[in-house]
$ cat coords-v3.cif   # mmCIF, C-alpha atoms
data_data
#
loop_
_atom_site.group_PDB
_atom_site.id
_atom_site.type_symbol
_atom_site.label_atom_id
_atom_site.label_comp_id
_atom_site.auth_asym_id
_atom_site.auth_seq_id
_atom_site.Cartn_x
_atom_site.Cartn_y
_atom_site.Cartn_z
ATOM 1 C CA MET M 202 5.211 19.163 4.733
ATOM 2 C CA VAL M 203 4.952 19.196 0.940
ATOM 3 C CA ARG M 204 2.980 21.598 -1.243
ATOM 4 C CA PHE M 205 2.720 21.539 -5.035
ATOM 5 C CA ALA M 206 0.611 24.264 -6.664
ATOM 6 C CA ASP M 207 -0.056 23.851 -10.402
ATOM 7 C CA VAL M 208 3.369 22.218 -10.908
ATOM 8 C CA TYR M 209 4.581 21.337 -14.377
ATOM 9 C CA LYS M 210 7.784 19.540 -15.288
ATOM 10 C CA SER M 211 9.131 19.093 -18.808
ATOM 11 C CA TYR M 212 12.503 17.581 -19.628
ATOM 12 C CA ASP M 213 14.928 18.673 -22.323
ATOM 13 C CA ASN M 214 13.998 15.668 -24.472
ATOM 14 C CA GLY M 215 10.447 16.981 -24.717
ATOM 15 C CA THR M 216 8.867 14.657 -22.143
ATOM 16 C CA LYS M 217 6.083 16.379 -20.225
ATOM 17 C CA ALA M 218 6.360 14.471 -16.944
ATOM 18 C CA LEU M 219 3.943 16.531 -14.829
ATOM 19 C CA LYS M 220 1.027 18.528 -16.159
ATOM 20 C CA GLY M 221 -0.164 20.958 -13.534
ATOM 21 C CA ILE M 222 -0.492 18.928 -10.335
ATOM 22 C CA ASP M 223 -1.706 20.200 -6.981
ATOM 23 C CA LEU M 224 -0.522 18.199 -3.987
ATOM 24 C CA ARG M 225 -0.532 18.656 -0.235
ATOM 25 C CA ILE M 226 1.087 16.247 2.224
ATOM 26 C CA ASP M 227 0.969 17.362 5.845
ATOM 27 C CA ASP M 228 3.416 16.570 8.621
ATOM 28 C CA GLY M 229 2.805 13.121 10.093
ATOM 29 C CA GLU M 230 0.958 11.637 7.110
ATOM 30 C CA PHE M 231 1.595 8.237 5.547
ATOM 31 C CA VAL M 232 1.005 8.443 1.801
ATOM 32 C CA PHE M 233 1.342 5.895 -0.986
ATOM 33 C CA LEU M 234 2.349 7.385 -4.349
ATOM 34 C CA VAL M 235 1.320 4.982 -7.098
ATOM 35 C CA GLY M 236 0.923 4.808 -10.850
ATOM 36 C CA PRO M 237 2.198 2.979 -13.944
ATOM 37 C CA SER M 238 5.675 3.408 -15.357
ATOM 38 C CA GLY M 239 6.028 6.887 -16.827
ATOM 39 C CA SER M 240 3.158 8.308 -14.782
ATOM 40 C CA GLY M 241 5.311 10.934 -13.058
ATOM 41 C CA LYS M 242 6.059 9.257 -9.706
ATOM 42 C CA SER M 243 9.830 9.478 -10.071
ATOM 43 C CA THR M 244 9.602 13.103 -11.133
ATOM 44 C CA VAL M 245 7.634 13.963 -7.982
ATOM 45 C CA VAL M 246 10.422 12.388 -5.896
ATOM 46 C CA LYS M 247 13.131 14.200 -7.853
ATOM 47 C CA LEU M 248 11.308 17.490 -7.355
ATOM 48 C CA ILE M 249 10.893 16.985 -3.602
ATOM 49 C CA THR M 250 14.602 16.198 -3.229
ATOM 50 C CA ALA M 251 15.553 19.107 -5.541
ATOM 51 C CA GLU M 252 17.289 16.800 -7.980
ATOM 52 C CA VAL M 253 15.310 18.680 -10.617
ATOM 53 C CA ARG M 254 13.365 21.951 -10.509
ATOM 54 C CA PRO M 255 9.792 22.539 -11.691
ATOM 55 C CA THR M 256 9.277 24.041 -15.133
ATOM 56 C CA ASP M 257 6.341 26.031 -13.803
ATOM 57 C CA GLY M 258 4.251 26.264 -10.640
ATOM 58 C CA LYS M 259 5.047 26.698 -6.948
ATOM 59 C CA MET M 260 6.582 24.245 -4.480
ATOM 60 C CA LEU M 261 7.199 24.239 -0.748
ATOM 61 C CA VAL M 262 9.025 21.385 1.027
ATOM 62 C CA ASN M 263 9.667 21.493 4.781
ATOM 63 C CA GLY M 264 9.643 25.283 4.762
ATOM 64 C CA PHE M 265 11.883 25.676 1.704
ATOM 65 C CA ASN M 266 10.250 27.751 -1.031
ATOM 66 C CA PHE M 267 11.420 26.537 -4.432
ATOM 67 C CA SER M 268 10.608 29.874 -6.048
ATOM 68 C CA ASN M 269 13.714 31.339 -4.415
ATOM 69 C CA LEU M 270 15.634 28.200 -3.410
ATOM 70 C CA ARG M 271 19.348 28.772 -3.885
ATOM 71 C CA THR M 272 21.701 25.963 -4.845
ATOM 72 C CA SER M 273 23.565 26.528 -1.585
ATOM 73 C CA GLN M 274 20.354 25.738 0.357
ATOM 74 C CA ILE M 275 19.791 22.317 -1.234
ATOM 75 C CA PRO M 276 22.016 20.408 1.243
ATOM 76 C CA ARG M 277 20.006 21.920 4.117
ATOM 77 C CA LEU M 278 16.757 20.889 2.446
ATOM 78 C CA ARG M 279 18.024 17.339 1.917
ATOM 79 C CA ARG M 280 18.923 17.021 5.595
ATOM 80 C CA THR M 281 15.199 17.265 6.344
ATOM 81 C CA LEU M 282 14.620 14.242 4.081
ATOM 82 C CA GLY M 283 15.593 10.589 4.299
ATOM 83 C CA VAL M 284 15.469 8.375 1.213
ATOM 84 C CA VAL M 285 15.140 4.579 1.140
ATOM 85 C CA PHE M 286 15.935 2.939 -2.197
ATOM 86 C CA GLN M 287 14.868 -0.335 -3.795
ATOM 87 C CA ASP M 288 18.490 -1.480 -4.205
ATOM 88 C CA PHE M 289 19.560 -0.578 -0.625
ATOM 89 C CA ARG M 290 22.742 1.274 -1.717
ATOM 90 C CA LEU M 291 24.795 0.144 1.269
ATOM 91 C CA ILE M 292 28.587 0.453 1.308
ATOM 92 C CA GLU M 293 29.829 -3.112 1.026
ATOM 93 C CA ASN M 294 33.108 -2.693 2.915
ATOM 94 C CA MET M 295 31.427 -1.041 5.908
ATOM 95 C CA THR M 296 29.622 -2.828 8.731
ATOM 96 C CA VAL M 297 25.972 -2.217 9.521
ATOM 97 C CA TYR M 298 26.999 0.226 12.259
ATOM 98 C CA GLU M 299 29.445 2.013 9.968
ATOM 99 C CA ASN M 300 26.886 2.355 7.164
ATOM 100 C CA VAL M 301 24.459 4.125 9.478
ATOM 101 C CA ALA M 302 27.180 6.203 11.135
ATOM 102 C CA PHE M 303 28.450 7.317 7.727
ATOM 103 C CA ALA M 304 25.219 9.228 7.102
ATOM 104 C CA MET M 305 25.969 11.275 10.218
ATOM 105 C CA ARG M 306 29.632 11.799 9.433
ATOM 106 C CA VAL M 307 28.922 13.282 6.004
ATOM 107 C CA ILE M 308 26.958 16.119 7.615
ATOM 108 C CA GLY M 309 29.658 16.752 10.200
ATOM 109 C CA GLU M 310 28.195 15.132 13.321
ATOM 110 C CA GLY M 311 30.701 14.418 16.071
ATOM 111 C CA SER M 312 31.728 11.012 17.371
ATOM 112 C CA LYS M 313 29.841 11.394 20.661
ATOM 113 C CA ARG M 314 26.546 12.085 18.899
ATOM 114 C CA ILE M 315 27.155 9.183 16.505
ATOM 115 C CA ARG M 316 27.801 6.781 19.401
ATOM 116 C CA GLU M 317 24.541 7.904 20.990
ATOM 117 C CA ARG M 318 22.334 7.910 17.930
ATOM 118 C CA VAL M 319 23.340 4.889 15.826
ATOM 119 C CA PRO M 320 22.532 2.218 18.458
ATOM 120 C CA ILE M 321 19.071 3.749 18.924
ATOM 121 C CA MET M 322 18.379 3.474 15.205
ATOM 122 C CA LEU M 323 19.647 -0.104 15.008
ATOM 123 C CA GLU M 324 17.425 -1.063 17.923
ATOM 124 C CA LEU M 325 14.434 0.573 16.225
ATOM 125 C CA VAL M 326 14.901 -1.526 13.082
ATOM 126 C CA GLY M 327 15.706 -4.688 15.026
ATOM 127 C CA LEU M 328 19.347 -5.049 14.039
ATOM 128 C CA SER M 329 21.291 -4.264 17.207
ATOM 129 C CA HIS M 330 22.638 -7.810 17.195
ATOM 130 C CA LYS M 331 24.049 -7.410 13.672
ATOM 131 C CA ALA M 332 25.851 -4.097 14.104
ATOM 132 C CA LYS M 333 29.222 -5.655 13.225
ATOM 133 C CA ARG M 334 28.028 -7.621 10.198
ATOM 134 C CA TYR M 335 28.654 -6.584 6.607
ATOM 135 C CA PRO M 336 25.892 -6.145 3.984
ATOM 136 C CA ARG M 337 26.891 -9.384 2.228
ATOM 137 C CA GLU M 338 26.124 -11.257 5.476
ATOM 138 C CA LEU M 339 22.545 -9.964 5.613
ATOM 139 C CA SER M 340 19.310 -10.971 3.925
ATOM 140 C CA GLY M 341 17.583 -8.540 1.562
ATOM 141 C CA GLY M 342 15.079 -7.595 4.249
ATOM 142 C CA GLU M 343 17.867 -6.928 6.730
ATOM 143 C CA GLN M 344 19.740 -4.788 4.225
ATOM 144 C CA GLN M 345 16.621 -2.730 3.680
ATOM 145 C CA ARG M 346 16.297 -2.285 7.452
ATOM 146 C CA VAL M 347 19.849 -0.919 7.505
ATOM 147 C CA SER M 348 18.948 1.540 4.746
ATOM 148 C CA ILE M 349 15.909 2.650 6.761
ATOM 149 C CA ALA M 350 18.072 3.178 9.854
ATOM 150 C CA ARG M 351 20.497 5.198 7.728
ATOM 151 C CA ALA M 352 17.656 7.316 6.343
ATOM 152 C CA LEU M 353 16.349 7.965 9.853
ATOM 153 C CA VAL M 354 19.563 8.610 11.727
ATOM 154 C CA ASN M 355 19.680 12.360 11.053
ATOM 155 C CA ASN M 356 16.091 12.755 12.251
ATOM 156 C CA PRO M 357 14.462 13.829 8.960
ATOM 157 C CA ARG M 358 10.947 15.206 8.843
ATOM 158 C CA ILE M 359 10.066 13.089 5.796
ATOM 159 C CA ILE M 360 11.110 9.603 4.708
ATOM 160 C CA ILE M 361 10.727 8.923 0.975
ATOM 161 C CA ALA M 362 10.647 5.165 0.404
ATOM 162 C CA ASP M 363 11.187 4.663 -3.337
ATOM 163 C CA GLU M 364 9.989 1.129 -4.204
ATOM 164 C CA PRO M 365 11.308 -0.104 -0.817
ATOM 165 C CA THR M 366 9.965 -3.629 -1.275
ATOM 166 C CA GLY M 367 10.816 -4.079 -4.958
ATOM 167 C CA ASN M 368 13.605 -6.589 -4.300
ATOM 168 C CA LEU M 369 11.913 -8.446 -1.441
ATOM 169 C CA ASP M 370 9.596 -11.426 -1.143
ATOM 170 C CA PRO M 371 6.018 -10.877 0.127
ATOM 171 C CA THR M 372 6.836 -11.721 3.758
ATOM 172 C CA ARG M 373 9.844 -9.390 3.924
ATOM 173 C CA SER M 374 7.813 -6.737 2.069
ATOM 174 C CA ARG M 375 5.131 -6.788 4.756
ATOM 175 C CA GLU M 376 7.794 -6.554 7.467
ATOM 176 C CA ILE M 377 9.393 -3.492 5.840
ATOM 177 C CA MET M 378 6.040 -1.760 5.375
ATOM 178 C CA GLY M 379 5.168 -2.565 8.987
ATOM 179 C CA LEU M 380 8.422 -0.927 10.064
ATOM 180 C CA LEU M 381 7.646 2.184 8.010
ATOM 181 C CA LYS M 382 4.185 2.271 9.608
ATOM 182 C CA LYS M 383 5.815 2.143 13.064
ATOM 183 C CA ILE M 384 8.180 4.980 12.130
ATOM 184 C CA ASN M 385 5.203 7.007 10.921
ATOM 185 C CA GLU M 386 3.424 6.431 14.222
ATOM 186 C CA LEU M 387 6.460 7.928 15.952
ATOM 187 C CA GLY M 388 5.848 11.150 14.000
ATOM 188 C CA THR M 389 7.833 10.958 10.758
ATOM 189 C CA THR M 390 6.023 11.648 7.488
ATOM 190 C CA ILE M 391 6.234 8.712 5.067
ATOM 191 C CA ILE M 392 5.907 8.939 1.285
ATOM 192 C CA ALA M 393 6.036 5.400 -0.097
ATOM 193 C CA VAL M 394 6.393 5.061 -3.871
ATOM 194 C CA THR M 395 5.281 1.658 -5.100
ATOM 195 C CA HIS M 396 3.608 -0.303 -7.874
ATOM 196 C CA GLU M 397 2.581 -3.212 -5.636
ATOM 197 C CA SER M 398 -1.201 -3.294 -5.301
ATOM 198 C CA ALA M 399 -1.132 -5.918 -2.552
ATOM 199 C CA ILE M 400 1.016 -3.688 -0.335
ATOM 200 C CA VAL M 401 -1.071 -0.586 -0.980
ATOM 201 C CA ASN M 402 -4.366 -2.335 -0.354
ATOM 202 C CA SER M 403 -3.240 -4.029 2.862
ATOM 203 C CA PHE M 404 -2.719 -0.652 4.555
ATOM 204 C CA ALA M 405 -5.569 1.771 5.200
ATOM 205 C CA LYS M 406 -3.540 4.795 4.156
ATOM 206 C CA ARG M 407 -3.913 7.705 1.786
ATOM 207 C CA VAL M 408 -3.258 6.779 -1.850
ATOM 208 C CA ILE M 409 -2.248 9.348 -4.466
ATOM 209 C CA ALA M 410 -2.299 7.902 -7.984
ATOM 210 C CA LEU M 411 -0.624 9.480 -10.988
ATOM 211 C CA ASP M 412 -1.218 8.726 -14.635
ATOM 212 C CA GLY M 413 0.038 10.681 -17.613
ATOM 213 C CA GLY M 414 1.550 13.349 -15.389
ATOM 214 C CA LYS M 415 -1.709 14.107 -13.595
ATOM 215 C CA ILE M 416 -3.222 13.083 -10.272
ATOM 216 C CA VAL M 417 -6.118 10.760 -11.081
ATOM 217 C CA HIS M 418 -6.960 9.588 -7.560
ATOM 218 C CA ASP M 419 -6.388 10.925 -4.054
ATOM 219 C CA GLY M 420 -8.173 9.091 -1.275
ATOM 220 C CA SER M 421 -7.705 7.618 2.177
ATOM 221 C CA GLY M 422 -8.165 3.995 3.066
ATOM 222 C CA GLY M 423 -9.882 2.951 -0.140
ATOM 223 C CA TYR M 424 -8.916 0.392 -2.738
ATOM 224 C CA TYR M 425 -6.989 1.601 -5.719
ATOM 225 C CA GLN M 426 -5.676 -0.674 -8.443
ATOM 226 C CA VAL M 427 -2.082 0.289 -9.199
#
$ encode --input "coords-v3.cif" --output "structure tokens"
Amino acid sequence: MVRFADVYKSYDNGTKALKGIDLRIDDGEFVFLVGPSGSGKSTVVKLITAEVRPTDGKMLVNGFNFSNLRTSQIPRLRRTLGVVFQDFRLIENMTVYENVAFAMRVIGEGSKRIRERVPIMLELVGLSHKAKRYPRELSGGEQQRVSIARALVNNPRIIIADEPTGNLDPTRSREIMGLLKKINELGTTIIAVTHESAIVNSFAKRVIALDGGKIVHDGSGGYYQV
């Protein structure tokens, strides 16, 4: 669950990235966040993940109130989030299994839980048969599936997919978005940041469009030109 109430964000260089936006994303939603370069999309993501703090306004993310969010609470907040990046960000000298397991180890999960959980995630993304392969042995689409499994393995409430198809061809892009749709149907909230109109318009999902730091469109299932 995400709530922005009259949120502003200005950076030290004078850039006014967000200009009083109101936003509500409920548990279980699938939302596309779109807009041109410089529209404020990346700032919304950075705010949700507490990489930056709002200049003004109120925020609530998965029960964490940013008005009194302590630095020591940020790791707990981030455990409720999973992030999928355009460039995959896999560890090259680790196998597929080890990449996914690593996300559990860094939060202190035990070996028994890792052995139980990782195979389930690899099966979900269709990569059980490549658990022992290394990233360099995988296609781009397969690498992105590994990154999705890694984002999911700690059972986050929200997956933020930041340009998840940016490095993929149209066929692999549709496969990745179909996988995110499946994950959403299992109950995880999806926030997909993209500039690809074809992807957005092939899914009948809510579209939130930003331009100039403001929300200029918020609608479900309709066409919106990114």
$ resolve_selection --input "coords-v3.cif" --expression "the PyMOL selection byres ((chain M and resi 227) around 8)" --output "ChimeraX atom specification"
/M:202-203,225-226,228-230,390
$ atom_distance --input "coords-v3.cif" --atom1 "atom CA of M:Ala405" --atom2 "atom CA of M:Arg280"
28.9 Å
$ atom_distance --input "coords-v3.cif" --atom1 "atom CA of M:Ala399" --atom2 "atom CA of M:Leu323"
27.8 Å
$ residues_around --input "coords-v3.cif" --residues "stretch 299-306 of chain M" --least-positions-apart "6" --cutoff "10 Å" --atoms "only C-alpha atoms" --output "PyMOL selection string"
chain M and resi 290-293+312+314-316+318-320+322-323+332-336+347-355
$ write_last_selection --input "coords-v3.cif" --atoms "C-alpha atoms" --output "PDB file, keeping the file's coordinate frame"
ATOM      1  CA  ARG M 290      22.742   1.274  -1.717  1.00  0.00           C
ATOM      2  CA  LEU M 291      24.795   0.144   1.269  1.00  0.00           C
ATOM      3  CA  ILE M 292      28.587   0.453   1.308  1.00  0.00           C
ATOM      4  CA  GLU M 293      29.829  -3.112   1.026  1.00  0.00           C
ATOM      5  CA  SER M 312      31.728  11.012  17.371  1.00  0.00           C
ATOM      6  CA  ARG M 314      26.546  12.085  18.899  1.00  0.00           C
ATOM      7  CA  ILE M 315      27.155   9.183  16.505  1.00  0.00           C
ATOM      8  CA  ARG M 316      27.801   6.781  19.401  1.00  0.00           C
ATOM      9  CA  ARG M 318      22.334   7.910  17.930  1.00  0.00           C
ATOM     10  CA  VAL M 319      23.340   4.889  15.826  1.00  0.00           C
ATOM     11  CA  PRO M 320      22.532   2.218  18.458  1.00  0.00           C
ATOM     12  CA  MET M 322      18.379   3.474  15.205  1.00  0.00           C
ATOM     13  CA  LEU M 323      19.647  -0.104  15.008  1.00  0.00           C
ATOM     14  CA  ALA M 332      25.851  -4.097  14.104  1.00  0.00           C
ATOM     15  CA  LYS M 333      29.222  -5.655  13.225  1.00  0.00           C
ATOM     16  CA  ARG M 334      28.028  -7.621  10.198  1.00  0.00           C
ATOM     17  CA  TYR M 335      28.654  -6.584   6.607  1.00  0.00           C
ATOM     18  CA  PRO M 336      25.892  -6.145   3.984  1.00  0.00           C
ATOM     19  CA  VAL M 347      19.849  -0.919   7.505  1.00  0.00           C
ATOM     20  CA  SER M 348      18.948   1.540   4.746  1.00  0.00           C
ATOM     21  CA  ILE M 349      15.909   2.650   6.761  1.00  0.00           C
ATOM     22  CA  ALA M 350      18.072   3.178   9.854  1.00  0.00           C
ATOM     23  CA  ARG M 351      20.497   5.198   7.728  1.00  0.00           C
ATOM     24  CA  ALA M 352      17.656   7.316   6.343  1.00  0.00           C
ATOM     25  CA  LEU M 353      16.349   7.965   9.853  1.00  0.00           C
ATOM     26  CA  VAL M 354      19.563   8.610  11.727  1.00  0.00           C
ATOM     27  CA  ASN M 355      19.680  12.360  11.053  1.00  0.00           C
TER      28      ASN M 355
END
$ resolve_selection --input "coords-v3.cif" --expression "the PyMOL selection byres ((chain M and resi 217) around 12)" --output "list of chain:residue names"
M:Val208, M:Tyr209, M:Lys210, M:Ser211, M:Tyr212, M:Asp213, M:Asn214, M:Gly215, M:Thr216, M:Ala218, M:Leu219, M:Lys220, M:Gly221, M:Gly239, M:Ser240, M:Gly241, M:Thr244, M:Pro255, M:Thr256, M:Asp257, M:Asp412, M:Gly413, M:Gly414, M:Lys415
$ residues_around --input "coords-v3.cif" --residues "M:Val262" --least-positions-apart "2" --cutoff "7 Å" --atoms "only C-alpha atoms" --output "JSON, numbers by chain"
{"M": [202, 203, 204, 249, 260, 264, 265, 266]}
$ write_last_selection --input "coords-v3.cif" --atoms "C-alpha atoms" --output "PDB file, keeping the file's coordinate frame"
ATOM      1  CA  MET M 202       5.211  19.163   4.733  1.00  0.00           C
ATOM      2  CA  VAL M 203       4.952  19.196   0.940  1.00  0.00           C
ATOM      3  CA  ARG M 204       2.980  21.598  -1.243  1.00  0.00           C
ATOM      4  CA  ILE M 249      10.893  16.985  -3.602  1.00  0.00           C
ATOM      5  CA  MET M 260       6.582  24.245  -4.480  1.00  0.00           C
ATOM      6  CA  GLY M 264       9.643  25.283   4.762  1.00  0.00           C
ATOM      7  CA  PHE M 265      11.883  25.676   1.704  1.00  0.00           C
ATOM      8  CA  ASN M 266      10.250  27.751  -1.031  1.00  0.00           C
TER       9      ASN M 266
END
$ residues_around --input "coords-v3.cif" --residues "M:Gly283" --least-positions-apart "4" --cutoff "8 Å" --atoms "all atoms listed in the file" --output "number ranges by chain"
M: 279, 352-353, 357-361
$ closest_residue --input "coords-v3.cif" --among "M:Thr395, M:Gln344, M:Ser268, M:Gln274" --to "M:Ala206" --atoms "only C-alpha atoms"
M:Ser268
$ resolve_selection --input "coords-v3.cif" --expression "the PyMOL selection byres ((chain M and resi 340) around 12)" --output "PyMOL selection string"
chain M and resi 289+328+331+334-339+341-347+368-370+373
$ atom_distance --input "coords-v3.cif" --atom1 "atom CA of M:Asn269" --atom2 "atom CA of M:Leu411"
27.0 Å
$ closest_residue --input "coords-v3.cif" --among "M:Ser374, M:Ser421, M:Thr250, M:Ser273" --to "M:Leu234" --atoms "all atoms listed in the file"
M:Ser421
$ axis_aligned_box --input "coords-v3.cif" --around "stretch 258-267 of chain M" --padding-each-side "5 Å" --output "lines of an AutoDock Vina configuration file"
center_x = 8.1
center_y = 24.6
center_z = -2.9
size_x = 17.6
size_y = 16.4
size_z = 25.4
$ closest_residue --input "coords-v3.cif" --among "M:Asp288, M:Glu364, M:Leu380, M:Leu248" --to "M:Glu324" --atoms "only C-alpha atoms"
M:Leu380
$ closest_residue --input "coords-v3.cif" --among "M:Glu310, M:Glu386, M:Glu252, M:Glu397" --to "M:Pro365" --atoms "only C-alpha atoms"
M:Glu397
$ closest_residue --input "coords-v3.cif" --among "M:Gln287, M:Asn385, M:Ser238, M:Thr372" --to "M:Lys406" --atoms "only C-alpha atoms"
M:Asn385
$ residues_around --input "coords-v3.cif" --residues "M:Val408" --least-positions-apart "5" --cutoff "12 Å" --atoms "all atoms listed in the file" --output "VMD selection string"
chain M and resid 224 226 230 to 236 391 to 396 398 400 to 403 416 to 427
$ closest_residue --input "coords-v3.cif" --among "M:Arg407, M:Val245, M:Ser329, M:Ala251" --to "M:Thr296" --atoms "all atoms listed in the file"
M:Ser329
